[in-house]
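Listing of target-v6.tsv; format and content: TSV, C-alpha atoms.
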chain	number	residue	atom	x	y	z
Y	193	MET	CA	-23.71	-1.79	6.88
Y	194	GLU	CA	-25.02	-3.91	4.05
Y	195	ILE	CA	-23.07	-7.05	3.18
Y	196	PRO	CA	-22.41	-7.11	-0.59
Y	197	TYR	CA	-23.02	-10.06	-2.93
Y	198	THR	CA	-25.61	-11.86	-0.81
Y	199	VAL	CA	-27.69	-12.40	-3.94
Y	200	ALA	CA	-25.68	-11.05	-6.86
Y	201	GLU	CA	-22.75	-13.09	-8.10
Y	202	ARG	CA	-19.30	-11.73	-7.36
Y	203	PRO	CA	-17.56	-10.63	-10.57
Y	204	ASP	CA	-14.35	-12.49	-9.64
Y	205	THR	CA	-15.77	-15.91	-8.68
Y	206	GLY	CA	-19.14	-15.93	-10.42
Y	207	LEU	CA	-20.71	-17.02	-7.12
Y	208	ASN	CA	-22.54	-15.19	-4.36
Y	209	ASN	CA	-20.97	-15.08	-0.89
Y	210	GLY	CA	-23.49	-17.45	0.66
Y	211	LYS	CA	-22.76	-20.17	-1.91
Y	212	ILE	CA	-18.99	-19.97	-1.38
Y	213	GLY	CA	-19.48	-19.91	2.39
Y	214	ILE	CA	-21.66	-23.00	2.54
Y	215	TRP	CA	-19.35	-25.00	0.24
Y	216	LEU	CA	-16.27	-24.10	2.32
Y	217	PHE	CA	-18.19	-25.16	5.42
Y	218	LEU	CA	-19.18	-28.45	3.77
Y	219	ALA	CA	-15.53	-29.01	2.80
Y	220	SER	CA	-14.59	-28.79	6.49
Y	221	GLU	CA	-17.42	-31.20	7.28
Y	222	VAL	CA	-16.06	-33.70	4.76
Y	223	MET	CA	-12.79	-33.71	6.70
Y	224	LEU	CA	-14.57	-34.07	10.06
Y	225	PHE	CA	-16.57	-37.10	8.97
Y	226	GLY	CA	-13.76	-38.28	6.70
Y	227	ALA	CA	-11.29	-38.65	9.58
Y	228	LEU	CA	-13.76	-40.70	11.62
Y	229	PHE	CA	-14.74	-42.69	8.57
Y	230	ALA	CA	-11.12	-43.48	7.69
Y	231	SER	CA	-10.49	-44.54	11.33
Y	232	TYR	CA	-13.45	-46.90	11.16
Y	233	LEU	CA	-12.32	-48.47	7.88
Y	234	MET	CA	-8.78	-48.94	9.21
Y	235	MET	CA	-9.99	-50.73	12.34
Y	236	ARG	CA	-12.51	-52.79	10.37
Y	237	ILE	CA	-10.01	-53.98	7.75
Y	238	GLY	CA	-7.22	-54.41	10.30
Y	239	ALA	CA	-9.27	-56.53	12.73
Y	240	ALA	CA	-8.33	-60.22	12.87
Y	241	ASP	CA	-10.89	-62.61	11.35
Y	242	GLY	CA	-13.80	-63.26	13.65
Y	243	THR	CA	-12.96	-60.50	16.12
Y	244	TRP	CA	-15.07	-57.73	14.58
Y	245	PRO	CA	-18.84	-58.10	14.91
Y	246	ARG	CA	-20.94	-57.83	11.76
Y	247	GLY	CA	-23.12	-54.75	11.99
Y	248	ASP	CA	-26.27	-56.68	11.11
Y	249	SER	CA	-25.70	-59.07	14.06
Y	250	ILE	CA	-25.98	-56.19	16.56
Y	251	LEU	CA	-27.84	-53.39	14.77
Y	252	ASN	CA	-31.38	-53.22	13.44
Y	253	VAL	CA	-31.06	-53.30	9.62
Y	254	PRO	CA	-34.81	-52.97	8.78
Y	255	LEU	CA	-35.08	-49.81	10.93
Y	256	ALA	CA	-31.91	-48.37	9.37
Y	257	THR	CA	-33.24	-49.17	5.88
Y	258	VAL	CA	-36.44	-47.28	6.71
Y	259	ASN	CA	-34.30	-44.40	7.99
Y	260	THR	CA	-32.35	-44.39	4.71
Y	261	VAL	CA	-35.62	-44.19	2.77
Y	262	VAL	CA	-36.83	-41.37	5.08
Y	263	LEU	CA	-33.65	-39.33	4.65
Y	264	ILE	CA	-33.45	-39.79	0.86
Y	265	SER	CA	-37.13	-38.78	0.64
Y	266	SER	CA	-36.38	-35.67	2.70
Y	267	SER	CA	-33.65	-34.72	0.24
Y	268	VAL	CA	-36.23	-34.83	-2.56
Y	269	THR	CA	-38.75	-32.74	-0.60
Y	270	MET	CA	-35.95	-30.26	0.18
Y	271	VAL	CA	-35.03	-29.82	-3.47
Y	272	MET	CA	-38.75	-29.60	-4.37
Y	273	ALA	CA	-39.13	-26.80	-1.78
Y	274	TRP	CA	-36.38	-24.87	-3.54
Y	275	ALA	CA	-37.90	-25.59	-6.98
Y	276	SER	CA	-41.28	-24.33	-5.71
Y	277	LEU	CA	-39.71	-20.98	-4.82
Y	278	LYS	CA	-38.14	-20.82	-8.27
Y	279	ARG	CA	-41.70	-21.25	-9.63
Y	280	ASN	CA	-42.96	-18.48	-7.31
Y	281	ASP	CA	-45.19	-21.01	-5.55
Y	282	PHE	CA	-44.80	-20.15	-1.86
Y	283	ARG	CA	-47.60	-22.48	-0.67
Y	284	LYS	CA	-45.88	-25.51	-2.19
Y	285	PHE	CA	-42.61	-24.37	-0.67
Y	286	ARG	CA	-44.27	-24.42	2.77
Y	287	LEU	CA	-45.62	-27.90	2.08
Y	288	PHE	CA	-42.32	-29.41	0.92
Y	289	GLN	CA	-40.23	-27.60	3.52
Y	290	GLY	CA	-42.62	-28.77	6.24
Y	291	LEU	CA	-42.34	-32.36	4.95
Y	292	THR	CA	-38.54	-32.07	5.08
Y	293	VAL	CA	-38.62	-31.02	8.73
Y	294	LEU	CA	-41.12	-33.80	9.52
Y	295	ALA	CA	-38.86	-36.35	7.83
Y	296	GLY	CA	-36.04	-35.12	10.07
Y	297	PHE	CA	-38.26	-35.76	13.10
Y	298	GLY	CA	-39.07	-39.21	11.72
Y	299	PHE	CA	-35.39	-40.01	11.28
Y	300	LEU	CA	-34.55	-38.94	14.84
Y	301	THR	CA	-37.52	-40.86	16.28
Y	302	ILE	CA	-36.32	-44.06	14.61
Y	303	LYS	CA	-32.79	-43.35	15.83
Y	304	TYR	CA	-34.15	-42.87	19.36
Y	305	ILE	CA	-35.89	-46.27	19.15
Y	306	GLU	CA	-32.62	-47.84	17.97
Y	307	TYR	CA	-30.52	-46.21	20.69
Y	308	SER	CA	-33.07	-47.14	23.39
Y	309	ALA	CA	-32.96	-50.79	22.35
Y	310	LYS	CA	-29.16	-50.78	22.46
Y	311	PHE	CA	-29.06	-49.18	25.93
Y	312	HIS	CA	-31.76	-51.58	27.13
Y	313	HIS	CA	-29.56	-54.52	26.11
Y	314	HIS	CA	-26.52	-52.84	27.76
Y	315	LEU	CA	-24.86	-52.28	24.40
Y	316	LEU	CA	-22.97	-49.08	25.19
Y	317	PRO	CA	-20.10	-47.13	23.56
Y	318	SER	CA	-17.83	-48.71	26.19
Y	319	THR	CA	-18.91	-52.26	25.24
Y	320	ASN	CA	-16.54	-52.63	22.27
Y	321	THR	CA	-14.71	-50.64	19.58
Y	322	PHE	CA	-17.43	-51.22	17.00
Y	323	LEU	CA	-20.15	-49.76	19.24
Y	324	ALA	CA	-17.86	-46.89	20.27
Y	325	ILE	CA	-17.42	-45.76	16.69
Y	326	TYR	CA	-21.07	-46.58	15.83
Y	327	PHE	CA	-22.33	-44.22	18.54
Y	328	THR	CA	-19.72	-41.57	17.67
Y	329	LEU	CA	-20.55	-41.52	13.95
Y	330	THR	CA	-24.34	-41.82	14.26
Y	331	GLY	CA	-24.41	-39.40	17.22
Y	332	LEU	CA	-22.43	-36.79	15.30
Y	333	HIS	CA	-24.67	-37.35	12.29
Y	334	GLY	CA	-27.75	-37.02	14.51
Y	335	LEU	CA	-26.48	-33.64	15.75
Y	336	HIS	CA	-26.21	-32.53	12.13
Y	337	VAL	CA	-29.80	-33.67	11.51
Y	338	ILE	CA	-30.92	-31.55	14.50
Y	339	GLY	CA	-28.94	-28.56	13.15
Y	340	GLY	CA	-30.44	-28.97	9.67
Y	341	MET	CA	-33.95	-29.25	11.12
Y	342	ALA	CA	-33.43	-26.04	13.14
Y	343	ILE	CA	-32.39	-24.12	10.01
Y	344	ASN	CA	-35.13	-25.65	7.84
Y	345	GLY	CA	-37.71	-25.06	10.57
Y	346	TYR	CA	-36.66	-21.42	10.85
Y	347	LEU	CA	-36.93	-20.92	7.09
Y	348	TRP	CA	-40.34	-22.66	7.11
Y	349	GLY	CA	-41.59	-20.40	9.94
Y	350	PRO	CA	-40.31	-16.98	11.03
Y	351	GLY	CA	-37.53	-16.79	8.45
Y	352	SER	CA	-40.02	-17.07	5.58
Y	353	LYS	CA	-41.07	-13.42	6.08
Y	354	LEU	CA	-38.10	-12.53	3.89
Y	355	TRP	CA	-39.98	-13.98	0.90
Y	356	LYS	CA	-42.34	-10.97	0.94
Y	357	THR	CA	-39.59	-8.34	0.91
Y	358	ASP	CA	-36.70	-10.05	-0.94
Y	359	PRO	CA	-37.73	-13.33	-2.62
Y	360	GLU	CA	-34.42	-13.90	-4.37
Y	361	HIS	CA	-32.46	-13.58	-1.14
Y	362	PHE	CA	-34.88	-15.98	0.56
Y	363	THR	CA	-34.54	-18.50	-2.30
Y	364	ASN	CA	-30.75	-18.35	-1.90
Y	365	ARG	CA	-31.07	-19.06	1.80
Y	366	VAL	CA	-33.25	-22.08	1.08
Y	367	GLU	CA	-30.76	-23.30	-1.52
Y	368	ASN	CA	-27.87	-23.02	0.94
Y	369	SER	CA	-29.74	-24.72	3.78
Y	370	GLY	CA	-30.70	-27.38	1.23
Y	371	LEU	CA	-27.02	-27.96	0.40
Y	372	PHE	CA	-26.38	-28.67	4.09
Y	373	TRP	CA	-29.38	-31.00	4.29
Y	374	HIS	CA	-28.27	-32.95	1.19
Y	375	PHE	CA	-24.82	-33.28	2.74
Y	376	VAL	CA	-26.40	-34.79	5.87
Y	377	ASP	CA	-28.20	-37.26	3.57
Y	378	LEU	CA	-24.96	-37.98	1.72
Y	379	VAL	CA	-23.12	-38.82	4.96
Y	380	TRP	CA	-25.88	-41.26	5.92
Y	381	ILE	CA	-25.67	-42.91	2.48
Y	382	PHE	CA	-22.09	-43.92	3.41
Y	383	LEU	CA	-22.75	-44.67	7.09
Y	384	PHE	CA	-25.63	-47.07	6.38
Y	385	PRO	CA	-23.75	-49.81	4.48
Y	386	ILE	CA	-20.49	-49.40	6.39
Y	387	LEU	CA	-21.98	-49.62	9.89
Y	388	TYR	CA	-25.06	-51.77	9.40
Y	389	LEU	CA	-24.33	-54.16	6.58
Y	390	LEU	CA	-20.68	-55.23	6.84
A	133	MET	CA	-36.29	-16.37	-10.71
A	134	GLY	CA	-35.64	-19.40	-12.88
A	135	ASN	CA	-37.34	-20.24	-16.15
A	136	HIS	CA	-40.41	-22.39	-15.36
A	137	THR	CA	-39.75	-24.86	-18.21
A	138	ASP	CA	-36.19	-25.41	-16.96
A	139	ILE	CA	-37.45	-25.95	-13.43
A	140	ASP	CA	-40.11	-28.41	-14.65
A	141	ARG	CA	-37.36	-30.37	-16.42
A	142	GLN	CA	-35.22	-30.33	-13.28
A	143	VAL	CA	-38.14	-31.57	-11.16
A	144	ARG	CA	-38.57	-34.55	-13.50
A	145	THR	CA	-34.85	-35.28	-13.11
A	146	TYR	CA	-35.16	-35.11	-9.30
A	147	ILE	CA	-37.91	-37.72	-9.37
A	148	ILE	CA	-35.86	-40.06	-11.58
A	149	ILE	CA	-32.86	-39.64	-9.23
A	150	PHE	CA	-35.10	-40.34	-6.22
A	151	VAL	CA	-36.35	-43.62	-7.74
A	152	THR	CA	-32.76	-44.61	-8.65
A	153	LEU	CA	-31.57	-43.88	-5.09
A	154	MET	CA	-34.35	-46.04	-3.64
A	155	ALA	CA	-33.46	-48.90	-6.00
A	156	LEU	CA	-29.76	-48.62	-5.08
A	157	THR	CA	-30.64	-48.68	-1.37
A	158	PHE	CA	-32.28	-52.07	-1.84
A	159	VAL	CA	-29.33	-53.23	-3.99
A	160	THR	CA	-27.04	-52.32	-1.05
A	161	VAL	CA	-29.13	-54.41	1.36
A	162	ALA	CA	-29.26	-57.30	-1.14
A	163	ILE	CA	-25.45	-57.28	-1.56
A	164	SER	CA	-25.00	-57.50	2.21
A	165	ARG	CA	-27.05	-60.72	2.23
A	166	LEU	CA	-24.40	-62.40	0.06
A	167	HIS	CA	-21.96	-62.53	3.03
A	168	LEU	CA	-18.91	-61.78	0.85
A	169	PRO	CA	-15.31	-61.63	2.18
A	170	VAL	CA	-14.75	-58.38	4.11
A	171	HIS	CA	-12.45	-56.63	1.58
A	172	LEU	CA	-14.84	-57.35	-1.30
A	173	ALA	CA	-17.87	-56.42	0.79
A	174	VAL	CA	-16.29	-53.08	1.79
A	175	ALA	CA	-15.31	-52.36	-1.84
A	176	LEU	CA	-18.80	-53.18	-3.16
A	177	ALA	CA	-20.56	-51.24	-0.39
A	178	LEU	CA	-18.37	-48.20	-1.04
A	179	THR	CA	-18.91	-48.44	-4.80
A	180	VAL	CA	-22.71	-48.43	-4.50
A	181	ALA	CA	-22.57	-45.71	-1.82
A	182	SER	CA	-20.31	-43.62	-4.08
A	183	ILE	CA	-22.79	-43.91	-6.97
A	184	LYS	CA	-25.62	-42.84	-4.66
A	185	GLY	CA	-23.52	-40.03	-3.19
A	186	GLY	CA	-22.57	-38.90	-6.71
A	187	LEU	CA	-26.25	-38.70	-7.69
A	188	VAL	CA	-27.12	-36.66	-4.57
A	189	ALA	CA	-24.15	-34.32	-5.02
A	190	GLY	CA	-24.52	-34.04	-8.79
A	191	TYR	CA	-28.25	-33.45	-9.06
A	192	PHE	CA	-29.72	-32.44	-5.67
A	193	MET	CA	-26.70	-30.26	-4.82
A	194	HIS	CA	-26.39	-29.13	-8.47
A	195	LEU	CA	-22.70	-29.96	-8.62
A	196	ILE	CA	-23.17	-31.10	-12.21
A	197	SER	CA	-23.57	-27.46	-13.28
A	198	GLU	CA	-21.54	-25.63	-10.62
A	199	ARG	CA	-18.81	-23.01	-11.00
A	200	LYS	CA	-15.12	-23.93	-11.29
A	201	LEU	CA	-14.20	-22.48	-7.89
A	202	ILE	CA	-16.49	-24.97	-6.14
A	203	TYR	CA	-14.86	-27.83	-8.05
A	204	TRP	CA	-11.42	-26.63	-6.95
A	205	VAL	CA	-12.52	-26.45	-3.31
A	206	LEU	CA	-13.93	-29.97	-3.52
A	207	TRP	CA	-10.94	-31.45	-5.36
A	208	PHE	CA	-8.66	-30.07	-2.66
A	209	THR	CA	-10.91	-31.53	0.06
A	210	VAL	CA	-11.16	-34.92	-1.63
A	211	SER	CA	-7.35	-35.00	-2.03
A	212	CYS	CA	-6.94	-34.35	1.69
A	213	PHE	CA	-9.52	-37.04	2.49
A	214	ILE	CA	-7.72	-39.59	0.31
A	215	ALA	CA	-4.46	-38.70	2.08
A	216	VAL	CA	-6.18	-39.25	5.45
A	217	LEU	CA	-7.36	-42.62	4.18
A	218	LEU	CA	-4.07	-43.72	2.60
A	219	LEU	CA	-1.56	-42.67	5.28
A	220	PRO	CA	-2.73	-45.20	7.90
A	221	LEU	CA	-3.14	-47.85	5.17
A	222	TRP	CA	0.48	-47.24	4.19
A	223	SER	CA	1.60	-47.93	7.77
A	224	HIS	CA	-0.79	-50.90	8.00
A	225	PHE	CA	0.82	-52.65	5.03
A	226	ASP	CA	4.36	-51.73	6.14
A	227	PRO	CA	4.55	-53.03	9.74
A	228	ILE	CA	7.67	-52.96	11.93
A	229	HIS	CA	9.20	-56.46	12.08
A	230	ASN	CA	11.16	-57.28	15.23

What's the structure tokens form of this structure?
Amino acid sequence: MEIPYTVAERPDTGLNNGKIGIWLFLASEVMLFGALFASYLMMRIGAADGTWPRGDSILNVPLATVNTVVLISSSVTMVMAWASLKRNDFRKFRLFQGLTVLAGFGFLTIKYIEYSAKFHHHLLPSTNTFLAIYFTLTGLHGLHVIGGMAINGYLWGPGSKLWKTDPEHFTNRVENSGLFWHFVDLVWIFLFPILYLL
Amino acid sequence: MGNHTDIDRQVRTYIIIFVTLMALTFVTVAISRLHLPVHLAVALALTVASIKGGLVAGYFMHLISERKLIYWVLWFTVSCFIAVLLLPLWSHFDPIHN
């Protein structure tokens, strides 16, 4: 059975099903990260003076800054991949989509280096509350990066066959996966100053 | 498929947003070097992060030209998030005195 409105806009909402679906999913993600984020802010503001470690005294700010640059760049390559499809330029789509996946690998590699250094110095989630919430938030974010890379990698590789048979449907898929990837970038934009710089 | 001229204009906008995001990233790091009091530092960090987040959501996620239904979904979510943020703050500033 064919699912209706995968490409065409629904007459009642003016949106296709995929677009509504991804935004509802992102709304649930806002609450998932939002609850953890609110918990962090409460503990940070409520901590007595001098009892809460500054992020930059424990964490590696230059590496995190590089990671921020990497993730923001990947958001641009993601949106350029979508724009390339809108221009009917499939080769450029492959280039930009490939760069987005590579940037994801770069981000995770830097995160691995950071985590390794922490474990090497016996800075574990059980060490203190700050590190507990640092590992929870960045670990959850890292899982989202892996998820986004899997989707983007699929659309770069085997999933791109759809372009030949139904280009508009494929472009919609790339747009929706892009929305998820931008959300992952957006979460990091908030995590970076809150965890590393305060 | 979209109009090529429109897409070209959008691509130029994406590049401007990218440069702005990079600049704001370095502004964020620079602010942290000022070692401000924690409440002010949190407020400033969240302000800059909100501007950056707004640019990503508005332009990369095309929220600036999205349908009303999406705005309603997001307003509802943001309201719930603010409630999540304010409820514990309410209890924090209204402690039980023995």

>> Give me, as a PyMOL selection string, the residues of chain A touching chain Y, with the criterion being at most 8 Å (counting all atoms listed in the file).
In response: chain A and resi 133-136+139+143+146-147+150+153-154+157+160-161+164+170-171+173-174+177-178+181-182+184-185+188-189+192-193+199+201-202+205-206+209+212-213+216-217+220-221+224

> Between atom CA of Y:Ile302 and atom CA of Y:Asn259, what is the distance, to one decimal in Å?
Replying inline: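 Atom CA of Y:Ile302 sits 6.9 Å away from atom CA of Y:Asn259.
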
Padding of 3 Å on every side, edges along x, y and z, all listed atoms of stretch 225-231 of chain Y included: what centre and edge lengths in Å, to one decimal, does that box have, as lines of an AutoDock Vina configuration file?
center_x = -13.5
center_y = -40.8
center_z = 9.2
size_x = 12.1
size_y = 13.4
size_z = 10.9

>> Report as a ChimeraX atom specification all protein, DNA and RNA residues lying within 8 Å of A:Tyr191, evaluated on all atoms listed in the file, omitting residues in the same chain fewer than 4 positions from it.
In response: /A:145-146,149,187,195-196

> Separation of atom CA of Y:Thr301 and atom CA of Y:Asn252, in Å?
Replying inline: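 Computed distance, atom CA of Y:Thr301 to atom CA of Y:Asn252, equals 14.1 Å.
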
>> With distances taken over only C-alpha atoms, which residue among A:Val180, A:Glu198, A:Ile148, A:Ala175 lies nearest A:Ala162?
In response: A:Val180

Supply stretch 206-230 of chain A as a PDB file, in the frame of the given file, with N, CA and C atoms built in where the input has gaps.
ATOM      1  N   LEU A 206     -13.601 -28.562  -3.792  1.00  0.00           N
ATOM      2  CA  LEU A 206     -13.930 -29.970  -3.520  1.00  0.00           C
ATOM      3  C   LEU A 206     -12.787 -30.907  -3.893  1.00  0.00           C
ATOM      4  N   TRP A 207     -12.086 -30.594  -4.994  1.00  0.00           N
ATOM      5  CA  TRP A 207     -10.940 -31.450  -5.360  1.00  0.00           C
ATOM      6  C   TRP A 207      -9.879 -31.414  -4.269  1.00  0.00           C
ATOM      7  N   PHE A 208      -9.642 -30.215  -3.738  1.00  0.00           N
ATOM      8  CA  PHE A 208      -8.660 -30.070  -2.660  1.00  0.00           C
ATOM      9  C   PHE A 208      -9.097 -30.885  -1.444  1.00  0.00           C
ATOM     10  N   THR A 209     -10.386 -30.788  -1.104  1.00  0.00           N
ATOM     11  CA  THR A 209     -10.910 -31.530   0.060  1.00  0.00           C
ATOM     12  C   THR A 209     -10.797 -33.028  -0.155  1.00  0.00           C
ATOM     13  N   VAL A 210     -11.209 -33.474  -1.342  1.00  0.00           N
ATOM     14  CA  VAL A 210     -11.160 -34.920  -1.630  1.00  0.00           C
ATOM     15  C   VAL A 210      -9.719 -35.417  -1.574  1.00  0.00           C
ATOM     16  N   SER A 211      -8.762 -34.607  -2.088  1.00  0.00           N
ATOM     17  CA  SER A 211      -7.350 -35.000  -2.030  1.00  0.00           C
ATOM     18  C   SER A 211      -6.895 -35.187  -0.583  1.00  0.00           C
ATOM     19  N   CYS A 212      -7.303 -34.237   0.270  1.00  0.00           N
ATOM     20  CA  CYS A 212      -6.940 -34.350   1.690  1.00  0.00           C
ATOM     21  C   CYS A 212      -7.580 -35.586   2.311  1.00  0.00           C
ATOM     22  N   PHE A 213      -8.827 -35.866   1.952  1.00  0.00           N
ATOM     23  CA  PHE A 213      -9.520 -37.040   2.490  1.00  0.00           C
ATOM     24  C   PHE A 213      -8.816 -38.323   2.064  1.00  0.00           C
ATOM     25  N   ILE A 214      -8.429 -38.388   0.791  1.00  0.00           N
ATOM     26  CA  ILE A 214      -7.720 -39.590   0.310  1.00  0.00           C
ATOM     27  C   ILE A 214      -6.403 -39.761   1.058  1.00  0.00           C
ATOM     28  N   ALA A 215      -5.723 -38.636   1.313  1.00  0.00           N
ATOM     29  CA  ALA A 215      -4.460 -38.700   2.080  1.00  0.00           C
ATOM     30  C   ALA A 215      -4.732 -39.244   3.481  1.00  0.00           C
ATOM     31  N   VAL A 216      -5.804 -38.765   4.101  1.00  0.00           N
ATOM     32  CA  VAL A 216      -6.180 -39.250   5.450  1.00  0.00           C
ATOM     33  C   VAL A 216      -6.423 -40.759   5.413  1.00  0.00           C
ATOM     34  N   LEU A 217      -7.027 -41.204   4.316  1.00  0.00           N
ATOM     35  CA  LEU A 217      -7.360 -42.620   4.180  1.00  0.00           C
ATOM     36  C   LEU A 217      -6.113 -43.469   3.892  1.00  0.00           C
ATOM     37  N   LEU A 218      -5.212 -42.930   3.064  1.00  0.00           N
ATOM     38  CA  LEU A 218      -4.070 -43.720   2.600  1.00  0.00           C
ATOM     39  C   LEU A 218      -2.910 -43.771   3.606  1.00  0.00           C
ATOM     40  N   LEU A 219      -2.709 -42.700   4.351  1.00  0.00           N
ATOM     41  CA  LEU A 219      -1.560 -42.670   5.280  1.00  0.00           C
ATOM     42  C   LEU A 219      -1.590 -43.833   6.279  1.00  0.00           C
ATOM     43  N   PRO A 220      -2.714 -44.052   6.981  1.00  0.00           N
ATOM     44  CA  PRO A 220      -2.730 -45.200   7.900  1.00  0.00           C
ATOM     45  C   PRO A 220      -2.657 -46.538   7.165  1.00  0.00           C
ATOM     46  N   LEU A 221      -3.224 -46.594   5.941  1.00  0.00           N
ATOM     47  CA  LEU A 221      -3.140 -47.850   5.170  1.00  0.00           C
ATOM     48  C   LEU A 221      -1.677 -48.151   4.831  1.00  0.00           C
ATOM     49  N   TRP A 222      -0.936 -47.123   4.503  1.00  0.00           N
ATOM     50  CA  TRP A 222       0.480 -47.240   4.190  1.00  0.00           C
ATOM     51  C   TRP A 222       1.206 -47.892   5.377  1.00  0.00           C
ATOM     52  N   SER A 223       0.939 -47.370   6.593  1.00  0.00           N
ATOM     53  CA  SER A 223       1.600 -47.930   7.770  1.00  0.00           C
ATOM     54  C   SER A 223       1.089 -49.342   8.058  1.00  0.00           C
ATOM     55  N   HIS A 224      -0.203 -49.578   7.749  1.00  0.00           N
ATOM     56  CA  HIS A 224      -0.790 -50.900   8.000  1.00  0.00           C
ATOM     57  C   HIS A 224      -0.099 -51.993   7.170  1.00  0.00           C
ATOM     58  N   PHE A 225       0.205 -51.659   5.904  1.00  0.00           N
ATOM     59  CA  PHE A 225       0.820 -52.650   5.030  1.00  0.00           C
ATOM     60  C   PHE A 225       2.358 -52.618   5.087  1.00  0.00           C
ATOM     61  N   ASP A 226       2.910 -51.802   5.980  1.00  0.00           N
ATOM     62  CA  ASP A 226       4.360 -51.730   6.140  1.00  0.00           C
ATOM     63  C   ASP A 226       4.697 -51.801   7.640  1.00  0.00           C
ATOM     64  N   PRO A 227       4.369 -52.945   8.284  1.00  0.00           N
ATOM     65  CA  PRO A 227       4.550 -53.030   9.740  1.00  0.00           C
ATOM     66  C   PRO A 227       6.027 -53.135  10.135  1.00  0.00           C
ATOM     67  N   ILE A 228       6.299 -52.824  11.409  1.00  0.00           N
ATOM     68  CA  ILE A 228       7.670 -52.960  11.930  1.00  0.00           C
ATOM     69  C   ILE A 228       7.873 -54.428  12.310  1.00  0.00           C
ATOM     70  N   HIS A 229       8.902 -55.055  11.757  1.00  0.00           N
ATOM     71  CA  HIS A 229       9.200 -56.460  12.080  1.00  0.00           C
ATOM     72  C   HIS A 229      10.339 -56.520  13.087  1.00  0.00           C
ATOM     73  N   ASN A 230      10.105 -57.161  14.219  1.00  0.00           N
ATOM     74  CA  ASN A 230      11.160 -57.280  15.230  1.00  0.00           C
ATOM     75  C   ASN A 230      12.071 -58.467  14.927  1.00  0.00           C
TER      76      ASN A 230
END
